[in-house]
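Chemist: Submitted below is the structure of interest, expressed as structure tokens.
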Protein chains: 2
Amino acid sequence: MRREKGILIVLSGPSGVGKGTVRKELFSEPGTNYEYSISMTTRLPREGEVDGIDYFFKKKEDFEELIEQGRLLEYAAYVGNYYGTPIDYVNETLNSGRDVFLEIEVQGAALVREKAPNALFIFLAPPSLSELEQRLIGRGTETEDVINSRIQAARQELEMMHLYDYVVENDEVAKACGKINAIVAAEHCRRERVEKRYLAMLEGEV
Amino acid sequence: MRREKGILIVLSGPSGVGKGTVRKELFSEPGTNYEYSISMTTRLPREGEVDGIDYFFKKKEDFEELIEQGRLLEYAAYVGNYYGTPIDYVNETLNSGRDVFLEIEVQGAALVREKAPNALFIFLAPPSLSELEQRLIGRGTETEDVINSRIQAARQELEMMHLYDYVVENDEVAKACGKINAIVAAEHCRRERVEKRYLAMLEGEV
């Protein structure tokens with residue numbers, strides 16, 4: 001029997017909502033069987049971030065060469081830096097039947113929506129706007145100007161929610177992870193995905 | 001804030017697939033917060049079945065009176081008996097914000113699909129047709145003629161799968177329950193359900 005193709009899971013949401021924290025928690029669980037697609041970026045590593053684990057950190061000119069070659073599933077310029085997803089790894093993994101998990105910025109997710117309409121789009125949302133502002137300030141790694149521009153961006157990003165299939169509130173990381181896992185499990189049961197197998201069974205056993 | 005309406009969850013599938021077993025297991029779990037909508041039937045109770053718990057057992061003439069009064073969300077005649085769902089309880093529970101769980105025959109589910117298109121339709125499927133036949137025989141409560149007519153009905157019922165949103169294979173009861181719970185949890189995160197709350201938040205916090 002032909003193996004069912006994997007699901008491309010796209011987790012996105014406004015800057016500061018905790019996408020990275022949720023993704024790390026998801027992948028620290030022993031039962032997780034998604035493949036994580038590591039993003040590329042031209043921004044500098046934050047403290048503790050490791051090249052090839054948190055991101056592939058690239059020079060701007062190298063990133064732009066990959067864009068020209070069409071080898072990114074999506075990319076976005078955000079607060080002066082590029083972020084993107086290498087396309088080959090994603091396709092190979094989906095074809096082998098495994099799910100691929102992307103954690104990307106909202107701009108990039110809109111591009112994936114165009115290129116991969118069958119992907120599963122999950123929007124990670126803050127419990128409130130004021131809490132989101134506190135998180136952006138609390139990170140303590142950016143200047144006030146950067147924080148203000150991020151808050152404006154976050155408002156615009158919240159308005160992109162309508163492009164998504166699901167919305168998960170990040171009130172508690174463990175709860176958010178549970179919901180994301182449930183959404184993926186449910187998606188594997190969608191009738192359109194499994195129907196063919198049953199129709200074949202009916203025909204084979206007349 | 002206005003309370004979000006509950007979800008009407010419809011579990012159905014071919015006769016003998018184990019709908020009742022799965023439903024009982026779901027409702028034996030302490031965390032389950034669906035309200036079970038008890039069906040009405042004119043068939044005689046099987047050993048161990050209790051009126052008002054497994055079904056409301058009704059006389060044929062009483063059932064037909066409820067049909068005439070339009071007080072059933074759905075009903076079906078199946079192997080010479082009526083099965084149906086009282087409508088008032090379902091609507092009251094949904095309006096109070098709780099989810100309602102219906103476990104019904106395939107004929108009835110098609111009627112609910114017409115009357116309640118926003119309900120969540122889950123098809124419980126056998127691992128194979130031959131296993132379904134074994135289950136129908138193994139139950140040991142019916143004559144050979146009844147078993148054969150059920151097998152024919154089951155084949156037709158499998159072909160109704162295209163009316164459903166999700167398909168859950170009942171290979172193991174615990175696994176099937178886990179998938180059903182995941183599907184309901186995911187449904188509560190569907191963007192269409194929660195979006196309004198976030199748009200209100202954005203407007204309230206300008």
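Naming scheme: A, B, ... for chains in displayed order of the structure tokens; residues 1 onward per chain; ligands 1 onward as shown.
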Taking only C-alpha atoms into account, report as a list in words which residues of chain B lie within 8 Å of chain A.
Modeler: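 Using only C-alpha atoms, chain B residues at most 8 Å from chain A: Ser128, Leu129, Arg155, Glu159, Met161, His162, Tyr164, Asp165, Tyr166, Val167, Val168, Lys179, Ile180, Asn181, Ala182, Ile183, Ala185, Ala186, Glu187, Cys189, Arg190, Arg191, Val194, Glu195, Leu199, Met201, Leu202 and Glu205 of chain B.
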Chemist: If we count only C-alpha atoms, what is near range 41-56 of chain A at a cut-off of 12 Å, once residues fewer than 3 positions away on the same chain are taken out, given as a ChimeraX atom specification?
Modeler: /A:20-21,23-24,27,36-38,59-64,66,72,74-86,102-105,139-142
Chemist: Taking only range 41-141 of chain B into account, list the residues labelled alpha helix (DSSP H) by DSSP (computed from the backbone), as a ChimeraX atom specification.
Modeler: /B:60-68,87-95,106-115,129-138
Chemist: Compile the contact shell of Val22 in chain A as a VMD selection string: residues with an atom at most 9 Å away, counting only C-alpha atoms, same-chain residues fewer than 4 positions apart removed.
Modeler: chain A and resid 18 26 to 27 170 173 to 174 176 to 177
Chemist: Calculate how many Å separate CA of Ala116 in chain B from CA of Ile87 in chain B, rounding to one decimal.
Modeler: 11.2 Å
Chemist: When you draw a straight line from CA of Glu157 in chain B to CA of Ser12 in chain B, how long is it in Å?
Modeler: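 Calculated distance between CA of Glu157 in chain B and CA of Ser12 in chain B is 9.6 Å.
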Chemist: If I take CA of Thr143 in chain A and CA of Leu124 in chain A, how far is one from the other in Å, to one decimal?
Modeler: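 The value is 24.5 Å.
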Chemist: Would you give me, as a PDB file with all heavy atoms, in the first residue's frame, the residues in range 20-129 of chain A that DSSP reads as strand (DSSP E)?
Modeler:
ATOM      1  N   TYR A  34       6.939  14.592  14.811  1.00  0.00           N
ATOM      2  CA  TYR A  34       7.074  15.531  13.711  1.00  0.00           C
ATOM      3  C   TYR A  34       8.560  15.757  13.472  1.00  0.00           C
ATOM      4  O   TYR A  34       9.360  15.694  14.390  1.00  0.00           O
ATOM      5  CB  TYR A  34       6.455  16.909  14.035  1.00  0.00           C
ATOM      6  CG  TYR A  34       5.186  16.887  14.826  1.00  0.00           C
ATOM      7  CD1 TYR A  34       5.021  17.727  15.917  1.00  0.00           C
ATOM      8  CD2 TYR A  34       4.147  16.037  14.483  1.00  0.00           C
ATOM      9  CE1 TYR A  34       3.846  17.731  16.643  1.00  0.00           C
ATOM     10  CE2 TYR A  34       2.974  16.027  15.208  1.00  0.00           C
ATOM     11  CZ  TYR A  34       2.836  16.879  16.294  1.00  0.00           C
ATOM     12  OH  TYR A  34       1.690  16.877  17.014  1.00  0.00           O
ATOM     13  N   GLU A  35       8.871  16.043  12.226  1.00  0.00           N
ATOM     14  CA  GLU A  35      10.231  16.477  11.924  1.00  0.00           C
ATOM     15  C   GLU A  35      10.239  17.996  11.972  1.00  0.00           C
ATOM     16  O   GLU A  35       9.393  18.636  11.358  1.00  0.00           O
ATOM     17  CB  GLU A  35      10.637  16.016  10.525  1.00  0.00           C
ATOM     18  CG  GLU A  35      10.655  14.519  10.372  1.00  0.00           C
ATOM     19  CD  GLU A  35      11.782  13.887  11.168  1.00  0.00           C
ATOM     20  OE1 GLU A  35      12.880  14.473  11.212  1.00  0.00           O
ATOM     21  OE2 GLU A  35      11.551  12.801  11.741  1.00  0.00           O
ATOM     22  N   TYR A  36      11.191  18.550  12.678  1.00  0.00           N
ATOM     23  CA  TYR A  36      11.248  19.994  12.763  1.00  0.00           C
ATOM     24  C   TYR A  36      12.052  20.551  11.600  1.00  0.00           C
ATOM     25  O   TYR A  36      13.179  20.123  11.354  1.00  0.00           O
ATOM     26  CB  TYR A  36      11.875  20.418  14.089  1.00  0.00           C
ATOM     27  CG  TYR A  36      12.094  21.905  14.174  1.00  0.00           C
ATOM     28  CD1 TYR A  36      11.028  22.782  13.962  1.00  0.00           C
ATOM     29  CD2 TYR A  36      13.345  22.437  14.428  1.00  0.00           C
ATOM     30  CE1 TYR A  36      11.213  24.144  14.010  1.00  0.00           C
ATOM     31  CE2 TYR A  36      13.542  23.802  14.489  1.00  0.00           C
ATOM     32  CZ  TYR A  36      12.472  24.645  14.281  1.00  0.00           C
ATOM     33  OH  TYR A  36      12.646  26.000  14.330  1.00  0.00           O
ATOM     34  N   SER A  37      11.456  21.473  10.885  1.00  0.00           N
ATOM     35  CA  SER A  37      12.158  22.124   9.794  1.00  0.00           C
ATOM     36  C   SER A  37      12.855  23.366  10.331  1.00  0.00           C
ATOM     37  O   SER A  37      12.213  24.348  10.683  1.00  0.00           O
ATOM     38  CB  SER A  37      11.166  22.511   8.700  1.00  0.00           C
ATOM     39  OG  SER A  37      11.806  23.295   7.743  1.00  0.00           O
ATOM     40  N   MET A  40      16.068  29.258   8.247  1.00  0.00           N
ATOM     41  CA  MET A  40      17.277  30.034   7.990  1.00  0.00           C
ATOM     42  C   MET A  40      17.022  31.480   8.350  1.00  0.00           C
ATOM     43  O   MET A  40      15.916  31.979   8.147  1.00  0.00           O
ATOM     44  CB  MET A  40      17.602  29.990   6.495  1.00  0.00           C
ATOM     45  CG  MET A  40      18.702  29.042   6.143  1.00  0.00           C
ATOM     46  SD  MET A  40      18.912  29.028   4.361  1.00  0.00           S
ATOM     47  CE  MET A  40      19.348  27.306   4.187  1.00  0.00           C
ATOM     48  N   THR A  41      18.051  32.171   8.833  1.00  0.00           N
ATOM     49  CA  THR A  41      17.878  33.602   9.102  1.00  0.00           C
ATOM     50  C   THR A  41      19.197  34.336   8.927  1.00  0.00           C
ATOM     51  O   THR A  41      20.277  33.728   9.045  1.00  0.00           O
ATOM     52  CB  THR A  41      17.337  33.867  10.518  1.00  0.00           C
ATOM     53  OG1 THR A  41      17.107  35.270  10.672  1.00  0.00           O
ATOM     54  CG2 THR A  41      18.313  33.416  11.606  1.00  0.00           C
ATOM     55  N   PHE A  56      19.476  28.019  10.976  1.00  0.00           N
ATOM     56  CA  PHE A  56      20.698  28.114  10.181  1.00  0.00           C
ATOM     57  C   PHE A  56      20.977  29.603  10.033  1.00  0.00           C
ATOM     58  O   PHE A  56      20.190  30.328   9.421  1.00  0.00           O
ATOM     59  CB  PHE A  56      20.512  27.485   8.794  1.00  0.00           C
ATOM     60  CG  PHE A  56      20.250  26.014   8.822  1.00  0.00           C
ATOM     61  CD1 PHE A  56      19.015  25.502   8.445  1.00  0.00           C
ATOM     62  CD2 PHE A  56      21.237  25.118   9.232  1.00  0.00           C
ATOM     63  CE1 PHE A  56      18.775  24.130   8.468  1.00  0.00           C
ATOM     64  CE2 PHE A  56      21.001  23.753   9.258  1.00  0.00           C
ATOM     65  CZ  PHE A  56      19.766  23.254   8.883  1.00  0.00           C
ATOM     66  N   PHE A  57      22.063  30.063  10.609  1.00  0.00           N
ATOM     67  CA  PHE A  57      22.399  31.475  10.503  1.00  0.00           C
ATOM     68  C   PHE A  57      23.228  31.684   9.229  1.00  0.00           C
ATOM     69  O   PHE A  57      24.241  31.015   9.026  1.00  0.00           O
ATOM     70  CB  PHE A  57      23.180  31.920  11.743  1.00  0.00           C
ATOM     71  CG  PHE A  57      22.333  31.862  12.995  1.00  0.00           C
ATOM     72  CD1 PHE A  57      22.447  30.803  13.887  1.00  0.00           C
ATOM     73  CD2 PHE A  57      21.399  32.853  13.267  1.00  0.00           C
ATOM     74  CE1 PHE A  57      21.651  30.728  15.028  1.00  0.00           C
ATOM     75  CE2 PHE A  57      20.597  32.789  14.405  1.00  0.00           C
ATOM     76  CZ  PHE A  57      20.722  31.722  15.279  1.00  0.00           C
ATOM     77  N   LEU A  72      13.658  28.211  -1.417  1.00  0.00           N
ATOM     78  CA  LEU A  72      13.013  28.479  -0.124  1.00  0.00           C
ATOM     79  C   LEU A  72      11.496  28.327  -0.284  1.00  0.00           C
ATOM     80  O   LEU A  72      10.918  28.845  -1.234  1.00  0.00           O
ATOM     81  CB  LEU A  72      13.352  29.891   0.346  1.00  0.00           C
ATOM     82  CG  LEU A  72      14.836  30.133   0.654  1.00  0.00           C
ATOM     83  CD1 LEU A  72      15.107  31.612   0.814  1.00  0.00           C
ATOM     84  CD2 LEU A  72      15.261  29.364   1.900  1.00  0.00           C
ATOM     85  N   LEU A  73      10.887  27.591   0.625  1.00  0.00           N
ATOM     86  CA  LEU A  73       9.427  27.428   0.604  1.00  0.00           C
ATOM     87  C   LEU A  73       8.760  28.760   0.893  1.00  0.00           C
ATOM     88  O   LEU A  73       7.700  29.082   0.355  1.00  0.00           O
ATOM     89  CB  LEU A  73       9.010  26.394   1.662  1.00  0.00           C
ATOM     90  CG  LEU A  73       7.511  26.127   1.833  1.00  0.00           C
ATOM     91  CD1 LEU A  73       6.903  25.609   0.538  1.00  0.00           C
ATOM     92  CD2 LEU A  73       7.267  25.135   2.963  1.00  0.00           C
ATOM     93  N   GLU A  74       9.387  29.521   1.756  1.00  0.00           N
ATOM     94  CA  GLU A  74       8.907  30.867   2.084  1.00  0.00           C
ATOM     95  C   GLU A  74      10.090  31.621   2.630  1.00  0.00           C
ATOM     96  O   GLU A  74      11.068  31.034   3.085  1.00  0.00           O
ATOM     97  CB  GLU A  74       7.786  30.817   3.125  1.00  0.00           C
ATOM     98  CG  GLU A  74       8.127  30.053   4.395  1.00  0.00           C
ATOM     99  CD  GLU A  74       8.978  30.804   5.391  1.00  0.00           C
ATOM    100  OE1 GLU A  74       8.798  32.034   5.488  1.00  0.00           O
ATOM    101  OE2 GLU A  74       9.827  30.188   6.058  1.00  0.00           O
ATOM    102  N   TYR A  75       9.983  32.921   2.566  1.00  0.00           N
ATOM    103  CA  TYR A  75      10.943  33.757   3.270  1.00  0.00           C
ATOM    104  C   TYR A  75      10.288  35.087   3.555  1.00  0.00           C
ATOM    105  O   TYR A  75       9.292  35.449   2.920  1.00  0.00           O
ATOM    106  CB  TYR A  75      12.246  33.934   2.470  1.00  0.00           C
ATOM    107  CG  TYR A  75      12.079  34.738   1.216  1.00  0.00           C
ATOM    108  CD1 TYR A  75      12.326  36.111   1.201  1.00  0.00           C
ATOM    109  CD2 TYR A  75      11.651  34.121   0.044  1.00  0.00           C
ATOM    110  CE1 TYR A  75      12.143  36.848   0.048  1.00  0.00           C
ATOM    111  CE2 TYR A  75      11.467  34.856  -1.114  1.00  0.00           C
ATOM    112  CZ  TYR A  75      11.718  36.213  -1.111  1.00  0.00           C
ATOM    113  OH  TYR A  75      11.534  36.944  -2.252  1.00  0.00           O
ATOM    114  N   ALA A  76      10.820  35.781   4.522  1.00  0.00           N
ATOM    115  CA  ALA A  76      10.263  37.069   4.883  1.00  0.00           C
ATOM    116  C   ALA A  76      11.389  37.957   5.364  1.00  0.00           C
ATOM    117  O   ALA A  76      12.371  37.475   5.954  1.00  0.00           O
ATOM    118  CB  ALA A  76       9.228  36.915   5.987  1.00  0.00           C
ATOM    119  N   ALA A  77      11.236  39.252   5.084  1.00  0.00           N
ATOM    120  CA  ALA A  77      12.130  40.228   5.693  1.00  0.00           C
ATOM    121  C   ALA A  77      11.385  40.787   6.891  1.00  0.00           C
ATOM    122  O   ALA A  77      10.210  41.179   6.784  1.00  0.00           O
ATOM    123  CB  ALA A  77      12.462  41.334   4.700  1.00  0.00           C
ATOM    124  N   TYR A  78      12.026  40.775   8.044  1.00  0.00           N
ATOM    125  CA  TYR A  78      11.338  41.181   9.261  1.00  0.00           C
ATOM    126  C   TYR A  78      12.312  41.932  10.155  1.00  0.00           C
ATOM    127  O   TYR A  78      13.356  41.389  10.531  1.00  0.00           O
ATOM    128  CB  TYR A  78      10.799  39.942   9.986  1.00  0.00           C
ATOM    129  CG  TYR A  78       9.924  40.304  11.164  1.00  0.00           C
ATOM    130  CD1 TYR A  78       8.599  40.694  10.977  1.00  0.00           C
ATOM    131  CD2 TYR A  78      10.443  40.302  12.461  1.00  0.00           C
ATOM    132  CE1 TYR A  78       7.816  41.060  12.051  1.00  0.00           C
ATOM    133  CE2 TYR A  78       9.656  40.672  13.540  1.00  0.00           C
ATOM    134  CZ  TYR A  78       8.354  41.048  13.324  1.00  0.00           C
ATOM    135  OH  TYR A  78       7.569  41.430  14.381  1.00  0.00           O
ATOM    136  N   ASN A  81      15.832  41.775   8.864  1.00  0.00           N
ATOM    137  CA  ASN A  81      16.513  40.507   8.588  1.00  0.00           C
ATOM    138  C   ASN A  81      15.628  39.563   7.779  1.00  0.00           C
ATOM    139  O   ASN A  81      14.409  39.660   7.807  1.00  0.00           O
ATOM    140  CB  ASN A  81      16.903  39.816   9.897  1.00  0.00           C
ATOM    141  CG  ASN A  81      18.121  40.465  10.530  1.00  0.00           C
ATOM    142  OD1 ASN A  81      19.182  40.526   9.923  1.00  0.00           O
ATOM    143  ND2 ASN A  81      17.936  40.973  11.740  1.00  0.00           N
ATOM    144  N   TYR A  82      16.260  38.610   7.117  1.00  0.00           N
ATOM    145  CA  TYR A  82      15.542  37.563   6.391  1.00  0.00           C
ATOM    146  C   TYR A  82      15.319  36.350   7.292  1.00  0.00           C
ATOM    147  O   TYR A  82      16.179  35.994   8.113  1.00  0.00           O
ATOM    148  CB  TYR A  82      16.361  37.074   5.193  1.00  0.00           C
ATOM    149  CG  TYR A  82      16.367  37.985   4.000  1.00  0.00           C
ATOM    150  CD1 TYR A  82      17.575  38.470   3.502  1.00  0.00           C
ATOM    151  CD2 TYR A  82      15.192  38.301   3.334  1.00  0.00           C
ATOM    152  CE1 TYR A  82      17.600  39.290   2.384  1.00  0.00           C
ATOM    153  CE2 TYR A  82      15.212  39.110   2.214  1.00  0.00           C
ATOM    154  CZ  TYR A  82      16.418  39.609   1.744  1.00  0.00           C
ATOM    155  OH  TYR A  82      16.448  40.413   0.633  1.00  0.00           O
ATOM    156  N   TYR A  83      14.160  35.722   7.100  1.00  0.00           N
ATOM    157  CA  TYR A  83      13.871  34.409   7.709  1.00  0.00           C
ATOM    158  C   TYR A  83      13.283  33.546   6.595  1.00  0.00           C
ATOM    159  O   TYR A  83      12.501  34.045   5.787  1.00  0.00           O
ATOM    160  CB  TYR A  83      12.818  34.525   8.823  1.00  0.00           C
ATOM    161  CG  TYR A  83      13.242  35.337  10.016  1.00  0.00           C
ATOM    162  CD1 TYR A  83      13.248  36.725   9.957  1.00  0.00           C
ATOM    163  CD2 TYR A  83      13.620  34.721  11.203  1.00  0.00           C
ATOM    164  CE1 TYR A  83      13.633  37.482  11.041  1.00  0.00           C
ATOM    165  CE2 TYR A  83      14.009  35.465  12.300  1.00  0.00           C
ATOM    166  CZ  TYR A  83      14.016  36.850  12.218  1.00  0.00           C
ATOM    167  OH  TYR A  83      14.402  37.601  13.296  1.00  0.00           O
ATOM    168  N   GLY A  84      13.625  32.254   6.559  1.00  0.00           N
ATOM    169  CA  GLY A  84      13.095  31.428   5.471  1.00  0.00           C
ATOM    170  C   GLY A  84      13.187  29.937   5.762  1.00  0.00           C
ATOM    171  O   GLY A  84      13.770  29.512   6.755  1.00  0.00           O
ATOM    172  N   THR A  85      12.566  29.144   4.862  1.00  0.00           N
ATOM    173  CA  THR A  85      12.508  27.688   5.021  1.00  0.00           C
ATOM    174  C   THR A  85      13.051  26.986   3.791  1.00  0.00           C
ATOM    175  O   THR A  85      12.496  27.133   2.710  1.00  0.00           O
ATOM    176  CB  THR A  85      11.044  27.237   5.215  1.00  0.00           C
ATOM    177  OG1 THR A  85      10.503  27.900   6.344  1.00  0.00           O
ATOM    178  CG2 THR A  85      10.951  25.731   5.412  1.00  0.00           C
ATOM    179  N   PRO A  86      14.134  26.220   3.943  1.00  0.00           N
ATOM    180  CA  PRO A  86      14.686  25.468   2.804  1.00  0.00           C
ATOM    181  C   PRO A  86      13.676  24.433   2.308  1.00  0.00           C
ATOM    182  O   PRO A  86      13.117  23.679   3.098  1.00  0.00           O
ATOM    183  CB  PRO A  86      15.917  24.775   3.398  1.00  0.00           C
ATOM    184  CG  PRO A  86      16.166  25.421   4.728  1.00  0.00           C
ATOM    185  CD  PRO A  86      14.876  26.001   5.198  1.00  0.00           C
ATOM    186  N   ASP A  99       5.426  13.890   9.160  1.00  0.00           N
ATOM    187  CA  ASP A  99       4.925  15.256   9.243  1.00  0.00           C
ATOM    188  C   ASP A  99       6.096  16.215   9.448  1.00  0.00           C
ATOM    189  O   ASP A  99       7.054  15.890  10.143  1.00  0.00           O
ATOM    190  CB  ASP A  99       3.964  15.411  10.425  1.00  0.00           C
ATOM    191  CG  ASP A  99       2.742  14.510  10.286  1.00  0.00           C
ATOM    192  OD1 ASP A  99       2.425  14.110   9.153  1.00  0.00           O
ATOM    193  OD2 ASP A  99       2.117  14.215  11.325  1.00  0.00           O
ATOM    194  N   VAL A 100       5.980  17.381   8.848  1.00  0.00           N
ATOM    195  CA  VAL A 100       7.011  18.408   9.021  1.00  0.00           C
ATOM    196  C   VAL A 100       6.417  19.593   9.771  1.00  0.00           C
ATOM    197  O   VAL A 100       5.311  20.036   9.454  1.00  0.00           O
ATOM    198  CB  VAL A 100       7.557  18.896   7.664  1.00  0.00           C
ATOM    199  CG1 VAL A 100       8.568  20.022   7.863  1.00  0.00           C
ATOM    200  CG2 VAL A 100       8.194  17.740   6.901  1.00  0.00           C
ATOM    201  N   PHE A 101       7.135  20.080  10.732  1.00  0.00           N
ATOM    202  CA  PHE A 101       6.667  21.171  11.572  1.00  0.00           C
ATOM    203  C   PHE A 101       7.476  22.426  11.264  1.00  0.00           C
ATOM    204  O   PHE A 101       8.693  22.443  11.438  1.00  0.00           O
ATOM    205  CB  PHE A 101       6.857  20.762  13.035  1.00  0.00           C
ATOM    206  CG  PHE A 101       6.223  21.699  14.014  1.00  0.00           C
ATOM    207  CD1 PHE A 101       4.955  21.438  14.508  1.00  0.00           C
ATOM    208  CD2 PHE A 101       6.901  22.828  14.459  1.00  0.00           C
ATOM    209  CE1 PHE A 101       4.364  22.295  15.422  1.00  0.00           C
ATOM    210  CE2 PHE A 101       6.304  23.695  15.371  1.00  0.00           C
ATOM    211  CZ  PHE A 101       5.033  23.418  15.856  1.00  0.00           C
ATOM    212  N   LEU A 102       6.783  23.466  10.816  1.00  0.00           N
ATOM    213  CA  LEU A 102       7.434  24.757  10.566  1.00  0.00           C
ATOM    214  C   LEU A 102       6.999  25.747  11.624  1.00  0.00           C
ATOM    215  O   LEU A 102       5.804  25.896  11.875  1.00  0.00           O
ATOM    216  CB  LEU A 102       6.990  25.370   9.237  1.00  0.00           C
ATOM    217  CG  LEU A 102       7.324  24.732   7.901  1.00  0.00           C
ATOM    218  CD1 LEU A 102       6.908  25.697   6.780  1.00  0.00           C
ATOM    219  CD2 LEU A 102       8.795  24.437   7.828  1.00  0.00           C
ATOM    220  N   GLU A 103       7.966  26.443  12.208  1.00  0.00           N
ATOM    221  CA  GLU A 103       7.603  27.550  13.099  1.00  0.00           C
ATOM    222  C   GLU A 103       8.140  28.807  12.439  1.00  0.00           C
ATOM    223  O   GLU A 103       9.353  28.981  12.346  1.00  0.00           O
ATOM    224  CB  GLU A 103       8.248  27.342  14.484  1.00  0.00           C
ATOM    225  CG  GLU A 103       8.002  28.481  15.449  1.00  0.00           C
ATOM    226  CD  GLU A 103       9.297  28.959  16.074  1.00  0.00           C
ATOM    227  OE1 GLU A 103      10.158  28.131  16.407  1.00  0.00           O
ATOM    228  OE2 GLU A 103       9.456  30.195  16.183  1.00  0.00           O
ATOM    229  N   LEU A 120      -1.385  22.569   7.169  1.00  0.00           N
ATOM    230  CA  LEU A 120      -2.230  22.804   8.337  1.00  0.00           C
ATOM    231  C   LEU A 120      -1.718  24.070   9.014  1.00  0.00           C
ATOM    232  O   LEU A 120      -0.592  24.097   9.506  1.00  0.00           O
ATOM    233  CB  LEU A 120      -2.075  21.588   9.256  1.00  0.00           C
ATOM    234  CG  LEU A 120      -2.836  21.523  10.555  1.00  0.00           C
ATOM    235  CD1 LEU A 120      -4.327  21.527  10.274  1.00  0.00           C
ATOM    236  CD2 LEU A 120      -2.441  20.253  11.301  1.00  0.00           C
ATOM    237  N   PHE A 121      -2.547  25.104   9.047  1.00  0.00           N
ATOM    238  CA  PHE A 121      -2.095  26.403   9.542  1.00  0.00           C
ATOM    239  C   PHE A 121      -2.629  26.683  10.938  1.00  0.00           C
ATOM    240  O   PHE A 121      -3.839  26.806  11.132  1.00  0.00           O
ATOM    241  CB  PHE A 121      -2.497  27.515   8.563  1.00  0.00           C
ATOM    242  CG  PHE A 121      -1.710  27.469   7.295  1.00  0.00           C
ATOM    243  CD1 PHE A 121      -2.084  26.634   6.266  1.00  0.00           C
ATOM    244  CD2 PHE A 121      -0.548  28.224   7.153  1.00  0.00           C
ATOM    245  CE1 PHE A 121      -1.343  26.551   5.100  1.00  0.00           C
ATOM    246  CE2 PHE A 121       0.208  28.161   5.987  1.00  0.00           C
ATOM    247  CZ  PHE A 121      -0.188  27.315   4.964  1.00  0.00           C
ATOM    248  N   ILE A 122      -1.700  26.783  11.881  1.00  0.00           N
ATOM    249  CA  ILE A 122      -2.071  27.012  13.284  1.00  0.00           C
ATOM    250  C   ILE A 122      -1.521  28.367  13.723  1.00  0.00           C
ATOM    251  O   ILE A 122      -0.320  28.621  13.611  1.00  0.00           O
ATOM    252  CB  ILE A 122      -1.514  25.902  14.198  1.00  0.00           C
ATOM    253  CG1 ILE A 122      -1.984  24.526  13.719  1.00  0.00           C
ATOM    254  CG2 ILE A 122      -1.913  26.156  15.652  1.00  0.00           C
ATOM    255  CD1 ILE A 122      -1.350  23.358  14.477  1.00  0.00           C
ATOM    256  N   PHE A 123      -2.420  29.199  14.215  1.00  0.00           N
ATOM    257  CA  PHE A 123      -2.046  30.545  14.672  1.00  0.00           C
ATOM    258  C   PHE A 123      -1.928  30.526  16.194  1.00  0.00           C
ATOM    259  O   PHE A 123      -2.890  30.206  16.891  1.00  0.00           O
ATOM    260  CB  PHE A 123      -3.140  31.522  14.248  1.00  0.00           C
ATOM    261  CG  PHE A 123      -2.795  32.977  14.423  1.00  0.00           C
ATOM    262  CD1 PHE A 123      -2.214  33.690  13.376  1.00  0.00           C
ATOM    263  CD2 PHE A 123      -3.077  33.639  15.603  1.00  0.00           C
ATOM    264  CE1 PHE A 123      -1.924  35.048  13.518  1.00  0.00           C
ATOM    265  CE2 PHE A 123      -2.779  34.989  15.750  1.00  0.00           C
ATOM    266  CZ  PHE A 123      -2.200  35.696  14.702  1.00  0.00           C
ATOM    267  N   LEU A 124      -0.747  30.841  16.694  1.00  0.00           N
ATOM    268  CA  LEU A 124      -0.559  30.918  18.140  1.00  0.00           C
ATOM    269  C   LEU A 124      -0.895  32.344  18.575  1.00  0.00           C
ATOM    270  O   LEU A 124      -0.298  33.307  18.081  1.00  0.00           O
ATOM    271  CB  LEU A 124       0.888  30.556  18.508  1.00  0.00           C
ATOM    272  CG  LEU A 124       1.147  30.266  19.984  1.00  0.00           C
ATOM    273  CD1 LEU A 124       0.441  28.982  20.418  1.00  0.00           C
ATOM    274  CD2 LEU A 124       2.639  30.158  20.265  1.00  0.00           C
ATOM    275  N   ALA A 125      -1.878  32.475  19.461  1.00  0.00           N
ATOM    276  CA  ALA A 125      -2.398  33.812  19.810  1.00  0.00           C
ATOM    277  C   ALA A 125      -2.102  34.124  21.269  1.00  0.00           C
ATOM    278  O   ALA A 125      -2.087  33.240  22.124  1.00  0.00           O
ATOM    279  CB  ALA A 125      -3.910  33.852  19.564  1.00  0.00           C
TER     280      ALA A 125
END
